[in-house]
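Peer 1: Pasting work-v4.txt here (compact mmCIF, C-alpha atoms):
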# COMPACT_ATOMS: atom_id res chain seq x y z
CA MET A 27 -41.35 87.85 -43.18
CA GLY A 28 -42.52 90.30 -40.62
CA ILE A 29 -41.48 91.27 -37.15
CA ASN A 30 -41.21 88.47 -34.64
CA ALA A 31 -39.08 87.31 -31.72
CA THR A 32 -35.99 87.42 -33.94
CA LEU A 33 -36.02 91.15 -33.19
CA ILE A 34 -35.30 90.45 -29.53
CA GLY A 35 -32.61 87.91 -30.37
CA GLN A 36 -30.92 90.32 -32.76
CA PHE A 37 -31.13 93.10 -30.22
CA ILE A 38 -29.35 90.96 -27.66
CA THR A 39 -26.74 89.81 -30.19
CA PHE A 40 -26.11 93.40 -31.23
CA ALA A 41 -25.83 94.56 -27.64
CA ILE A 42 -23.34 91.81 -26.81
CA LEU A 43 -21.24 92.51 -29.91
CA VAL A 44 -21.13 96.22 -29.12
CA TRP A 45 -20.32 95.57 -25.45
CA PHE A 46 -17.53 93.18 -26.37
CA THR A 47 -16.07 95.56 -28.91
CA MET A 48 -16.29 98.46 -26.50
CA LYS A 49 -14.59 96.50 -23.74
CA TYR A 50 -12.06 94.26 -25.46
CA VAL A 51 -11.45 95.46 -29.02
CA TRP A 52 -11.61 99.22 -29.34
CA PRO A 53 -9.45 100.28 -26.37
CA PRO A 54 -6.35 98.13 -27.11
CA ILE A 55 -6.40 99.00 -30.80
CA THR A 56 -6.83 102.73 -30.36
CA GLN A 57 -4.36 102.68 -27.46
CA ALA A 58 -1.72 101.01 -29.62
CA MET A 59 -2.41 103.37 -32.51
CA HIS A 60 -2.24 106.37 -30.22
CA ASP A 61 0.97 105.16 -28.60
CA ARG A 62 2.57 104.68 -31.97
CA GLU A 63 1.39 108.09 -33.10
CA LYS A 64 3.03 109.65 -30.07
CA LYS A 65 6.19 107.65 -30.59
CA ILE A 66 6.44 108.67 -34.24
CA ALA A 67 5.84 112.29 -33.32
CA ALA A 68 8.53 112.10 -30.65
CA GLY A 69 10.91 110.42 -33.08
CA LEU A 70 10.34 113.06 -35.73
CA GLU A 71 10.84 115.77 -33.20
CA ALA A 72 14.07 114.18 -31.96
CA ALA A 73 15.31 113.86 -35.55
CA GLU A 74 14.49 117.50 -36.16
CA ARG A 75 16.21 118.52 -32.96
CA SER A 76 19.35 116.51 -33.67
CA LYS A 77 19.44 117.93 -37.19
CA ARG A 78 19.33 121.41 -35.71
CA GLU A 79 22.02 120.49 -33.22
CA LEU A 80 24.20 119.04 -35.95
CA GLU A 81 23.80 122.21 -37.96
CA MET A 82 24.76 124.26 -34.94
CA ALA A 83 27.77 122.09 -34.22
CA GLU A 84 28.88 122.33 -37.82
CA ARG A 85 28.59 126.09 -37.72
CA LYS A 86 30.54 126.15 -34.48
CA ALA A 87 33.24 123.88 -35.89
CA MET A 88 33.50 126.09 -38.97
CA SER A 89 33.96 129.19 -36.87
CA ILE A 90 36.57 127.45 -34.73
CA ILE A 91 38.46 126.36 -37.85
CA ARG A 92 38.24 129.86 -39.26
CA ASP A 93 39.59 131.33 -36.04
CA ALA A 94 42.39 128.80 -35.95
CA LYS A 95 43.33 129.59 -39.52
CA GLN A 96 43.32 133.29 -38.77
CA GLN A 97 45.46 132.74 -35.75
CA ALA A 98 47.83 130.56 -37.70
CA THR A 99 48.33 133.19 -40.39
CA HIS A 100 48.80 135.77 -37.72
CA ILE A 101 51.42 133.64 -36.00
CA ILE A 102 53.21 132.96 -39.29
CA ASP A 103 53.22 136.64 -40.15
CA GLU A 104 54.54 137.50 -36.78
CA ALA A 105 57.20 134.84 -37.02
CA SER A 106 58.38 135.91 -40.43
CA ARG A 107 58.48 139.51 -39.34
CA HIS A 108 60.41 138.52 -36.29
CA SER A 109 62.83 136.40 -38.26
CA VAL A 110 63.53 139.29 -40.64
CA LEU A 111 64.16 141.42 -37.63
CA LEU A 112 66.50 138.83 -36.17
CA VAL A 113 68.39 138.50 -39.41
CA GLU A 114 68.76 142.26 -39.64
CA GLU A 115 69.96 142.43 -36.11
CA ALA A 116 72.41 139.61 -36.67
CA LYS A 117 73.71 141.32 -39.79
CA GLN A 118 74.12 144.53 -37.93
CA GLN A 119 75.91 142.81 -35.11
CA ALA A 120 78.15 140.92 -37.51
CA LYS A 121 79.02 144.14 -39.28
CA GLU A 122 79.84 145.88 -36.06
CA GLU A 123 81.90 142.95 -34.89
CA GLY A 124 83.72 142.84 -38.18
CA ALA A 125 84.44 146.52 -38.05
CA ARG A 126 85.64 146.21 -34.50
CA MET A 127 87.87 143.29 -35.37
CA ILE A 128 89.31 145.12 -38.40
CA GLU A 129 90.03 148.12 -36.26
CA LEU A 130 91.66 145.94 -33.65
CA ALA A 131 93.73 144.18 -36.30
CA GLN A 132 94.85 147.48 -37.83
CA HIS A 133 95.76 148.74 -34.44
CA GLU A 134 97.78 145.59 -33.77
CA ILE A 135 99.44 145.84 -37.16
CA SER A 136 100.44 149.44 -36.65
CA ARG A 137 101.70 148.61 -33.19
CA GLU A 138 103.74 145.66 -34.49
CA VAL A 139 105.06 147.82 -37.38
CA THR A 140 106.24 150.39 -34.89
CA GLN A 141 107.76 147.70 -32.74
CA ALA A 142 109.46 146.14 -35.75
CA LYS A 143 110.72 149.55 -36.76
CA GLU A 144 112.19 150.03 -33.32
CA VAL A 145 113.80 146.64 -33.40
CA LEU A 146 115.07 147.25 -36.89
CA LYS A 147 116.38 150.61 -35.83
CA THR A 148 118.33 149.13 -32.96
CA GLN A 149 119.55 146.18 -34.99
CA LEU A 150 120.54 148.49 -37.81
CA ALA A 151 122.35 150.66 -35.38
CA THR A 152 124.16 147.65 -34.01
CA LEU A 153 124.85 146.50 -37.53
CA VAL A 154 126.08 149.90 -38.50
CA VAL A 155 128.25 150.04 -35.39
CA ALA A 156 129.55 146.54 -36.17
CA GLY A 157 130.14 147.53 -39.80
CA ALA A 158 131.80 150.67 -38.64
CA GLU A 159 134.01 148.79 -36.29
CA LYS A 160 135.09 146.51 -39.12
CA VAL A 161 135.70 149.50 -41.40
CA ILE A 162 137.56 151.26 -38.69
CA GLN A 163 139.76 148.28 -38.00
CA ARG A 164 140.77 148.13 -41.60
CA HIS A 165 141.17 151.82 -42.52
CA LEU A 166 141.38 153.54 -39.22
CA ASP A 167 140.48 156.58 -41.00
CA ALA A 168 137.70 157.71 -38.85
CA SER A 169 137.44 161.07 -40.26
CA ALA A 170 136.90 159.88 -43.77
CA HIS A 171 133.94 157.79 -42.80
CA MET A 172 132.59 159.79 -39.96
CA ALA A 173 130.54 161.87 -42.22
CA LEU A 174 129.11 158.76 -43.83
CA LEU A 175 128.23 157.23 -40.52
CA ASP A 176 126.54 160.32 -39.33
CA GLU A 177 124.61 160.52 -42.47
CA LEU A 178 123.48 156.90 -42.00
CA VAL A 179 122.40 157.39 -38.42
CA ALA A 180 120.42 160.43 -39.42
CA GLU A 181 118.77 158.60 -42.14
CA ILE A 182 117.65 155.80 -39.78
CA MET B 5 -38.61 73.68 -64.62
CA PHE B 6 -37.65 74.40 -61.04
CA TYR B 7 -36.96 71.60 -58.73
CA VAL B 8 -37.34 72.22 -55.05
CA PRO B 9 -36.84 69.21 -52.87
CA VAL B 10 -38.69 69.43 -49.61
CA SER B 11 -38.03 67.55 -46.45
CA SER B 12 -40.82 65.26 -45.42
CA SER B 13 -41.54 67.02 -42.17
CA GLY B 14 -42.38 70.29 -43.91
CA GLY B 15 -46.03 71.13 -44.11
CA ASP B 16 -45.80 73.34 -47.19
CA THR B 17 -47.59 73.03 -50.44
CA VAL B 18 -44.59 72.13 -52.58
CA ASN B 19 -44.49 68.39 -53.04
CA THR B 20 -41.28 66.44 -53.12
CA GLY B 21 -39.71 66.24 -56.51
CA ALA B 22 -42.45 68.13 -58.28
CA ALA B 23 -41.76 70.84 -60.81
CA ILE B 24 -42.88 74.22 -59.49
CA THR B 25 -43.81 77.53 -61.05
CA PRO B 26 -41.58 80.62 -60.89
CA ALA B 27 -43.97 82.15 -58.40
CA GLN B 28 -43.59 79.18 -56.10
CA TYR B 29 -39.81 79.31 -56.49
CA VAL B 30 -39.71 82.95 -55.49
CA GLN B 31 -42.12 82.37 -52.65
CA HIS B 32 -40.02 79.49 -51.41
CA HIS B 33 -36.90 81.64 -51.39
CA LEU B 34 -38.62 84.32 -49.36
CA GLU B 35 -39.51 81.96 -46.51
CA HIS B 36 -37.36 81.86 -43.40
CA LEU B 37 -36.23 78.80 -41.57
CA THR B 38 -38.24 79.31 -38.40
CA LEU B 39 -38.29 78.02 -34.88
CA ASN B 40 -41.60 78.36 -33.10
CA LEU B 41 -40.73 79.28 -29.52
CA ARG B 42 -44.03 77.89 -28.17
CA THR B 43 -43.97 74.46 -29.79
CA PHE B 44 -40.25 74.29 -30.66
CA ARG B 45 -40.98 73.02 -34.13
CA VAL B 46 -38.47 73.90 -36.83
CA GLY B 47 -39.19 74.74 -40.44
CA ASP B 48 -42.94 74.41 -40.22
CA LEU B 49 -44.73 77.13 -42.18
CA GLN B 50 -47.99 76.55 -40.35
CA GLU B 51 -46.22 77.13 -37.07
CA ALA B 52 -44.38 80.24 -38.29
CA GLN B 53 -47.15 82.61 -37.25
CA GLY B 54 -47.36 85.19 -34.49
CA PHE B 55 -44.66 86.98 -32.57
CA TRP B 56 -42.98 84.11 -30.75
CA VAL B 57 -41.18 82.77 -33.76
CA LEU B 58 -37.43 82.91 -34.24
CA ASN B 59 -36.00 83.16 -37.73
CA LEU B 60 -33.26 80.61 -37.24
CA ASP B 61 -31.48 81.37 -40.53
CA THR B 62 -31.26 85.09 -39.86
CA PHE B 63 -30.33 84.57 -36.25
CA LEU B 64 -27.66 81.95 -36.84
CA VAL B 65 -26.02 83.60 -39.87
CA SER B 66 -25.84 86.97 -38.14
CA LEU B 67 -24.63 85.36 -34.93
CA ILE B 68 -21.89 83.40 -36.68
CA LEU B 69 -20.80 86.48 -38.63
CA GLY B 70 -20.93 88.63 -35.51
CA ILE B 71 -18.96 86.22 -33.38
CA GLY B 72 -16.48 85.66 -36.19
CA LEU B 73 -16.09 89.43 -36.49
CA VAL B 74 -15.42 90.14 -32.81
CA VAL B 75 -13.17 87.10 -32.48
CA PHE B 76 -11.19 88.36 -35.46
CA LEU B 77 -11.02 91.87 -34.02
CA ARG B 78 -10.02 90.57 -30.61
CA PHE B 79 -7.43 88.32 -32.24
CA VAL B 80 -5.85 91.38 -33.83
CA ALA B 81 -6.35 93.56 -30.76
CA VAL B 82 -4.29 91.34 -28.47
CA ARG B 83 -1.49 91.17 -31.02
CA MET B 84 -1.08 94.87 -31.67
CA ARG B 85 2.50 95.53 -32.72
CA GLU B 86 4.53 98.66 -32.94
CA VAL B 87 5.16 97.96 -36.62
CA PRO B 88 1.83 96.92 -38.10
CA GLY B 89 1.44 94.35 -40.82
CA GLY B 90 -1.17 92.24 -42.57
CA LEU B 91 -4.36 91.93 -40.57
CA GLN B 92 -3.39 94.68 -38.18
CA ASN B 93 -3.07 97.09 -41.09
CA PHE B 94 -6.56 96.20 -42.24
CA VAL B 95 -8.10 96.57 -38.78
CA GLU B 96 -6.26 99.83 -38.18
CA ILE B 97 -7.55 101.18 -41.46
CA MET B 98 -11.10 100.27 -40.46
CA VAL B 99 -10.71 101.74 -36.98
CA GLY B 100 -9.07 104.86 -38.36
CA PHE B 101 -11.77 105.25 -40.99
CA VAL B 102 -14.58 104.92 -38.42
CA ASP B 103 -12.78 107.18 -35.98
CA LYS B 104 -12.28 109.86 -38.62
CA SER B 105 -15.87 109.64 -39.85
CA ILE B 106 -17.10 110.11 -36.28
CA SER B 107 -14.76 112.94 -35.37
CA GLU B 108 -16.00 114.94 -38.35
CA VAL B 109 -19.57 114.95 -37.02
CA TYR B 110 -19.59 114.13 -33.36
CA HIS B 111 -17.92 116.20 -30.67
CA GLY B 112 -19.10 114.46 -27.51
CA LYS B 113 -17.06 112.11 -25.39
CA SER B 114 -19.05 108.89 -25.59
CA LYS B 115 -16.96 105.74 -25.17
CA LEU B 116 -19.79 103.76 -26.72
CA LEU B 117 -20.32 105.46 -30.05
CA ALA B 118 -17.04 104.66 -31.77
CA PRO B 119 -16.97 100.89 -31.06
CA MET B 120 -20.66 100.66 -31.83
CA SER B 121 -20.11 102.40 -35.16
CA LEU B 122 -17.27 100.02 -35.98
CA ILE B 123 -19.43 97.01 -35.19
CA ILE B 124 -22.37 98.41 -37.15
CA PHE B 125 -20.21 99.09 -40.18
CA MET B 126 -18.36 95.79 -40.25
CA TRP B 127 -21.19 93.56 -39.11
CA VAL B 128 -23.73 95.08 -41.46
CA PHE B 129 -21.20 94.84 -44.25
CA LEU B 130 -20.61 91.15 -43.57
CA MET B 131 -24.32 90.42 -43.36
CA ASN B 132 -24.90 92.37 -46.57
CA ALA B 133 -22.07 90.46 -48.21
CA MET B 134 -24.01 87.24 -47.75
CA ASP B 135 -26.05 88.67 -50.60
CA LEU B 136 -23.18 87.90 -52.95
CA LEU B 137 -23.42 84.17 -52.33
CA PRO B 138 -25.43 82.45 -55.05
CA VAL B 139 -29.07 82.42 -53.98
CA ASP B 140 -29.35 78.65 -54.09
CA LEU B 141 -25.95 77.74 -52.66
CA LEU B 142 -26.45 77.57 -48.91
CA TRP B 143 -29.99 76.37 -49.21
CA ARG B 144 -29.04 73.54 -51.59
CA ILE B 145 -26.28 72.38 -49.25
CA LEU B 146 -28.49 72.54 -46.18
CA ASP B 147 -31.26 70.79 -48.06
CA LEU B 148 -29.09 67.69 -48.07
CA PHE B 149 -29.54 67.67 -44.30
CA GLY B 150 -33.27 68.15 -44.49
CA VAL B 151 -33.43 71.94 -44.09
CA THR B 152 -36.19 73.14 -46.37
CA TYR B 153 -35.98 76.89 -46.10
CA PHE B 154 -32.95 79.08 -45.68
CA LYS B 155 -32.56 82.80 -46.34
CA ASN B 156 -28.90 83.63 -46.04
CA VAL B 157 -29.01 87.47 -46.01
CA PRO B 158 -29.73 88.60 -42.46
CA THR B 159 -30.13 92.26 -43.41
CA ALA B 160 -32.92 91.34 -45.82
CA ASP B 161 -34.85 90.46 -42.67
CA PRO B 162 -36.47 93.55 -41.06
CA ASN B 163 -35.90 92.03 -37.63
CA VAL B 164 -32.16 92.59 -37.97
CA THR B 165 -32.36 96.13 -39.21
CA PHE B 166 -35.05 97.11 -36.71
CA ALA B 167 -33.14 95.56 -33.83
CA MET B 168 -30.17 97.78 -34.61
CA SER B 169 -32.20 100.89 -35.37
CA LEU B 170 -34.18 100.46 -32.15
CA ALA B 171 -30.94 100.19 -30.23
CA VAL B 172 -29.89 103.45 -31.85
CA PHE B 173 -33.33 104.91 -31.06
CA PHE B 174 -32.99 104.04 -27.37
CA LEU B 175 -29.53 105.58 -27.32
CA ILE B 176 -30.91 108.75 -28.94
CA ILE B 177 -33.52 109.01 -26.19
CA PHE B 178 -30.92 108.18 -23.53
CA TYR B 179 -28.45 110.82 -24.68
CA ASN B 180 -31.18 113.41 -25.23
CA ILE B 181 -32.20 113.05 -21.60
CA LYS B 182 -28.69 112.65 -20.23
CA ILE B 183 -27.14 115.62 -22.00
CA LYS B 184 -30.01 118.09 -22.13
CA LYS B 185 -31.93 117.19 -18.95
CA PHE B 186 -34.65 119.83 -18.42
CA HIS B 187 -33.56 121.74 -21.43
CA LEU B 188 -34.99 118.86 -23.47
CA ALA B 189 -38.55 119.67 -22.42
CA LYS B 190 -38.11 123.30 -23.39
CA GLU B 191 -36.62 122.24 -26.69
CA MET B 192 -39.44 119.85 -27.46
CA LEU B 193 -42.08 122.45 -26.69
CA THR B 194 -40.58 125.57 -28.29
CA VAL B 195 -38.69 124.37 -31.37
CA PRO B 196 -39.32 125.10 -34.23
CA PHE B 197 -42.44 127.33 -33.93
CA GLY B 198 -42.00 129.04 -30.58
CA GLY B 199 -43.81 128.63 -27.29
CA TYR B 200 -47.34 129.50 -28.44
CA LEU B 201 -47.58 126.51 -30.76
CA PHE B 202 -46.21 124.02 -28.24
CA PRO B 203 -48.64 121.18 -29.13
CA LEU B 204 -47.57 121.38 -32.75
CA ASN B 205 -43.90 121.49 -31.76
CA LEU B 206 -44.31 118.44 -29.56
CA VAL B 207 -46.02 116.47 -32.31
CA PHE B 208 -43.35 117.51 -34.80
CA ARG B 209 -40.59 116.49 -32.48
CA LEU B 210 -42.11 113.11 -31.69
CA ILE B 211 -42.61 112.37 -35.38
CA GLU B 212 -39.08 113.48 -36.11
CA GLU B 213 -37.61 111.19 -33.49
CA CYS B 214 -39.78 108.22 -34.42
CA VAL B 215 -38.96 108.53 -38.09
CA LYS B 216 -35.25 108.11 -37.38
CA PRO B 217 -35.27 104.40 -36.50
CA LEU B 218 -37.85 103.74 -39.18
CA SER B 219 -35.81 105.33 -41.92
CA LEU B 220 -32.62 103.67 -40.69
CA ALA B 221 -34.11 100.20 -40.60
CA LEU B 222 -36.25 100.41 -43.70
CA ARG B 223 -33.49 101.85 -45.88
CA LEU B 224 -31.17 98.95 -45.21
CA PHE B 225 -33.88 96.34 -45.27
CA GLY B 226 -35.37 97.69 -48.49
CA ASN B 227 -32.05 97.79 -50.27
CA MET B 228 -31.02 94.31 -49.27
CA PHE B 229 -34.42 92.75 -49.76
CA ALA B 230 -34.76 94.24 -53.22
CA GLY B 231 -31.24 93.17 -54.08
CA GLU B 232 -31.89 89.63 -52.98
CA LEU B 233 -35.15 89.58 -54.90
CA VAL B 234 -33.40 90.64 -58.08
CA PHE B 235 -30.88 87.82 -57.58
CA ILE B 236 -33.75 85.37 -57.15
CA LEU B 237 -35.39 86.67 -60.32
CA ILE B 238 -32.10 86.35 -62.20
CA ALA B 239 -31.90 82.78 -60.94
CA LEU B 240 -35.21 82.15 -62.72
CA LEU B 241 -33.56 82.81 -66.09
CA PRO B 242 -32.32 79.79 -68.07
CA TRP B 243 -28.82 78.73 -67.04
CA TRP B 244 -27.11 80.27 -70.07
CA GLY B 245 -28.70 83.64 -69.43
CA GLN B 246 -27.89 84.02 -65.73
CA GLY B 247 -24.20 84.82 -65.97
CA LEU B 248 -24.23 88.30 -67.45
CA PRO B 249 -27.12 89.90 -65.50
CA GLY B 250 -26.07 88.08 -62.35
CA GLY B 251 -22.50 89.30 -62.73
CA ILE B 252 -23.52 92.88 -63.42
CA TRP B 253 -25.94 92.93 -60.51
CA ALA B 254 -23.33 91.36 -58.19
CA ILE B 255 -20.71 93.95 -59.14
CA PHE B 256 -23.25 96.71 -58.60
CA HIS B 257 -24.15 95.12 -55.31
CA ILE B 258 -20.58 95.21 -54.04
CA LEU B 259 -21.03 98.97 -54.09
CA VAL B 260 -24.50 98.80 -52.55
CA ILE B 261 -23.58 96.59 -49.61
CA THR B 262 -20.61 98.77 -48.71
CA LEU B 263 -22.55 101.96 -49.15
CA GLN B 264 -25.51 100.76 -47.10
CA ALA B 265 -23.27 99.64 -44.27
CA PHE B 266 -21.55 103.03 -44.33
CA ILE B 267 -24.85 104.92 -44.48
CA PHE B 268 -26.22 102.99 -41.52
CA MET B 269 -23.11 103.78 -39.52
CA MET B 270 -22.97 107.43 -40.56
CA LEU B 271 -26.65 108.08 -39.83
CA THR B 272 -26.23 106.48 -36.41
CA VAL B 273 -23.40 108.88 -35.69
CA VAL B 274 -25.35 111.85 -37.03
CA TYR B 275 -28.48 111.01 -35.03
CA LEU B 276 -26.50 110.54 -31.85
CA SER B 277 -24.57 113.74 -32.35
CA MET B 278 -27.89 115.53 -32.87
CA ALA B 279 -29.02 114.06 -29.55
CA HIS B 280 -25.95 115.64 -27.98
CA ASP B 281 -26.31 119.07 -29.52
CA THR B 282 -28.77 121.52 -28.06
CA HIS B 283 -30.70 123.58 -30.52
Now that the file is in, can you turn its structure into structure tokens?
Peer 2:
Amino acid sequence: MGINATLIGQFITFAILVWFTMKYVWPPITQAMHDREKKIAAGLEAAERSKRELEMAERKAMSIIRDAKQQATHIIDEASRHSVLLVEEAKQQAKEEGARMIELAQHEISREVTQAKEVLKTQLATLVVAGAEKVIQRHLDASAHMALLDELVAEI
Amino acid sequence: MFYVPVSSSGGDTVNTGAAITPAQYVQHHLEHLTLNLRTFRVGDLQEAQGFWVLNLDTFLVSLILGIGLVVFLRFVAVRMREVPGGLQNFVEIMVGFVDKSISEVYHGKSKLLAPMSLIIFMWVFLMNAMDLLPVDLLWRILDLFGVTYFKNVPTADPNVTFAMSLAVFFLIIFYNIKIKKFHLAKEMLTVPFGGYLFPLNLVFRLIEECVKPLSLALRLFGNMFAGELVFILIALLPWWGQGLPGGIWAIFHILVITLQAFIFMMLTVVYLSMAHDTH
């Protein structure tokens, strides 16, 4: 026991150990730990950022979908309103057309009736004349039937 | 009783094969394996006098532990991975622990303090842990090769503890001068009693500084020496009575060796941070 030259030997050993650690052990270890720390921090930050971005994108997508839906309902409303309008218009047009056609038909009918009446009149007259001729040939009594014939013509 | 075989070259009083008293047993276990640097004779108690003697056991055990420690640390340091595992986890925990302990106390920018603290903590711990080996184990094995004396706890040798505490002491002086420059003289003369009592202040300061390495070294040495002594005394009990007290003391000592290593490291940091701070 007691202090002797071992002190010097230990001092040198200690100094060498500390020097070695300072030079070759501590820097690489702390460097690696520090690098990893930075990397983890950066990774966490990136995750946070992308989460935020995702949230934002989702919100944006939702608003776009909402807009689209709104627009779609608007378009459908418009379309249905328009179709009702079209149907109404078509009905109106059809009615008018029908009325016009009926009128035209009636007009035609009345015209044809008049024409037929004229034709009938002339034919009847011819017939009456023919009948009269035949009666006359048989009876030759014009006076007796003249009154009848006149009456007939007047009636026509 | 106790049987201590002694190699023939030894000049001690214990004769080969003779039964010895407990006092002789204890005395034997407190002797170092020495190398006289003048005559280069090993293990000779008569030659183990004076300053120029090397305690071979202390020196070699601490050297082997120290080299093993830095080789291990270097081994891990060159294989640092992004995803740590196994040994790297352990080393990172140690480095992180030391780094955190330092950053709580010390605010300077020394590149030396942190690695030195790591080495102090781990090396002192390893040397302390030699305490947990059975007191007779290494010595009995080495005795087969003719080595008579062998103390296997380096920190139970004041040379080890004083070597480290003196290194710390020199660093305290170095940083005091480097950081404070001329302010140091003013501080030494005027703190704590003011300028009129400057001789008293100077004496106080010198005592304060000189007590630091003493307390550092003696605390560790005292703890480890006493612990080793208790183990030796337990070894004197009959074989059936050694287990329980030896076990209890060993378990208690696991705490002590860790704590002492931590205290040595922490006080080093505190002393050096005091050297950095101006009053």
Peer 1: Could you please give me, as a PyMOL selection string, the residues of protein, DNA or RNA lying at most 12 Å from (-26.1, 77.8, -54.6) in the coordinate frame of the file, considering all atoms listed in the file?
Peer 2: chain B and resi 33+134-147+154-156+235-236+239
Peer 1: Which chain A residues are at most 9 Å from chain B (counting only C-alpha atoms), as a VMD selection string?
Peer 2: chain A and resid 27 to 41 43 to 56 58 to 59 61 to 62
Peer 1: As an exercise, work out the distance from atom CA of Met131 of chain B to atom CA of Lys104 of chain B in Å and give it to one decimal place.
Peer 2: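 About the pair atom CA of Met131 of chain B and atom CA of Lys104 of chain B: they are 23.4 Å apart.
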Peer 1: Identify, on the basis of all atoms listed in the file, every residue whose closest approach to Val207 of chain B does not exceed 12 Å; exclude the query and any residue fewer than 3 positions from it along the same chain; express the result as a PyMOL selection string.
Peer 2: chain B and resi 192-197+201-204+210-214
Peer 1: Just the number, please: distance in Å from atom CA of Val128 of chain B to atom CA of Leu237 of chain B, one decimal.
Peer 2: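 Between these atoms lies a distance of 23.7 Å.
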Peer 1: I need the residue nearest Ala265 of chain B from this list: B:Phe101, B:Phe125, B:Tyr200, B:Phe208. Use all atoms listed in the file for the distance.
Peer 2: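 Looking at the shortest contact to Ala265 of chain B, the residue is B:Phe125.
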Peer 1: Report, in Å to a single decimal, how far apart atom CA of Leu222 of chain B and atom CA of Ile181 of chain B are.
Peer 2: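 So the answer is 25.8 Å.
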Peer 1: How big is the axis-aligned box around all listed atoms of segment 44-49 of chain B once 3 Å goes on each side, and where's its centre, in Å to one decimal, as JSON?
Peer 2:
{"center_x": -41.6, "center_y": 75.1, "center_z": -36.4, "size_x": 12.3, "size_y": 10.1, "size_z": 17.5}
Peer 1: Please determine the residues with any atom at most 10 Å from (-20.7, 110.7, -37.1) (coordinates as given in the file, with only C-alpha atoms counting) and report them as number ranges by chain.
Peer 2: B: 102-111, 117-118, 121, 269-278
Peer 1: Kindly reconstruct segment 43-56 of chain A with N, CA and C atoms and present the result as a PDB file, in the frame of the given file.
Peer 2:
ATOM      1  N   LEU A  43     -22.349  92.183 -28.998  1.00  0.00           N
ATOM      2  CA  LEU A  43     -21.240  92.510 -29.910  1.00  0.00           C
ATOM      3  C   LEU A  43     -20.673  93.885 -29.584  1.00  0.00           C
ATOM      4  N   VAL A  44     -21.588  94.855 -29.397  1.00  0.00           N
ATOM      5  CA  VAL A  44     -21.130  96.220 -29.120  1.00  0.00           C
ATOM      6  C   VAL A  44     -20.399  96.266 -27.782  1.00  0.00           C
ATOM      7  N   TRP A  45     -20.966  95.592 -26.777  1.00  0.00           N
ATOM      8  CA  TRP A  45     -20.320  95.570 -25.450  1.00  0.00           C
ATOM      9  C   TRP A  45     -18.919  94.962 -25.548  1.00  0.00           C
ATOM     10  N   PHE A  46     -18.830  93.851 -26.245  1.00  0.00           N
ATOM     11  CA  PHE A  46     -17.530  93.180 -26.370  1.00  0.00           C
ATOM     12  C   PHE A  46     -16.515  94.084 -27.072  1.00  0.00           C
ATOM     13  N   THR A  47     -16.972  94.681 -28.161  1.00  0.00           N
ATOM     14  CA  THR A  47     -16.070  95.560 -28.910  1.00  0.00           C
ATOM     15  C   THR A  47     -15.616  96.750 -28.052  1.00  0.00           C
ATOM     16  N   MET A  48     -16.591  97.296 -27.311  1.00  0.00           N
ATOM     17  CA  MET A  48     -16.290  98.460 -26.500  1.00  0.00           C
ATOM     18  C   MET A  48     -15.283  98.116 -25.406  1.00  0.00           C
ATOM     19  N   LYS A  49     -15.391  96.903 -24.902  1.00  0.00           N
ATOM     20  CA  LYS A  49     -14.590  96.500 -23.740  1.00  0.00           C
ATOM     21  C   LYS A  49     -13.243  95.908 -24.171  1.00  0.00           C
ATOM     22  N   TYR A  50     -13.254  95.077 -25.196  1.00  0.00           N
ATOM     23  CA  TYR A  50     -12.060  94.260 -25.460  1.00  0.00           C
ATOM     24  C   TYR A  50     -11.406  94.512 -26.818  1.00  0.00           C
ATOM     25  N   VAL A  51     -12.027  95.283 -27.678  1.00  0.00           N
ATOM     26  CA  VAL A  51     -11.450  95.460 -29.020  1.00  0.00           C
ATOM     27  C   VAL A  51     -10.988  96.899 -29.224  1.00  0.00           C
ATOM     28  N   TRP A  52     -11.916  97.827 -29.002  1.00  0.00           N
ATOM     29  CA  TRP A  52     -11.610  99.220 -29.340  1.00  0.00           C
ATOM     30  C   TRP A  52     -10.464  99.802 -28.506  1.00  0.00           C
ATOM     31  N   PRO A  53     -10.516  99.644 -27.159  1.00  0.00           N
ATOM     32  CA  PRO A  53      -9.450 100.280 -26.370  1.00  0.00           C
ATOM     33  C   PRO A  53      -8.032  99.812 -26.721  1.00  0.00           C
ATOM     34  N   PRO A  54      -7.752  98.499 -26.791  1.00  0.00           N
ATOM     35  CA  PRO A  54      -6.350  98.130 -27.110  1.00  0.00           C
ATOM     36  C   PRO A  54      -5.896  98.613 -28.477  1.00  0.00           C
ATOM     37  N   ILE A  55      -6.806  98.571 -29.455  1.00  0.00           N
ATOM     38  CA  ILE A  55      -6.400  99.000 -30.800  1.00  0.00           C
ATOM     39  C   ILE A  55      -6.110 100.491 -30.831  1.00  0.00           C
ATOM     40  N   THR A  56      -7.047 101.284 -30.310  1.00  0.00           N
ATOM     41  CA  THR A  56      -6.830 102.730 -30.360  1.00  0.00           C
ATOM     42  C   THR A  56      -5.649 103.124 -29.476  1.00  0.00           C
TER      43      THR A  56
END
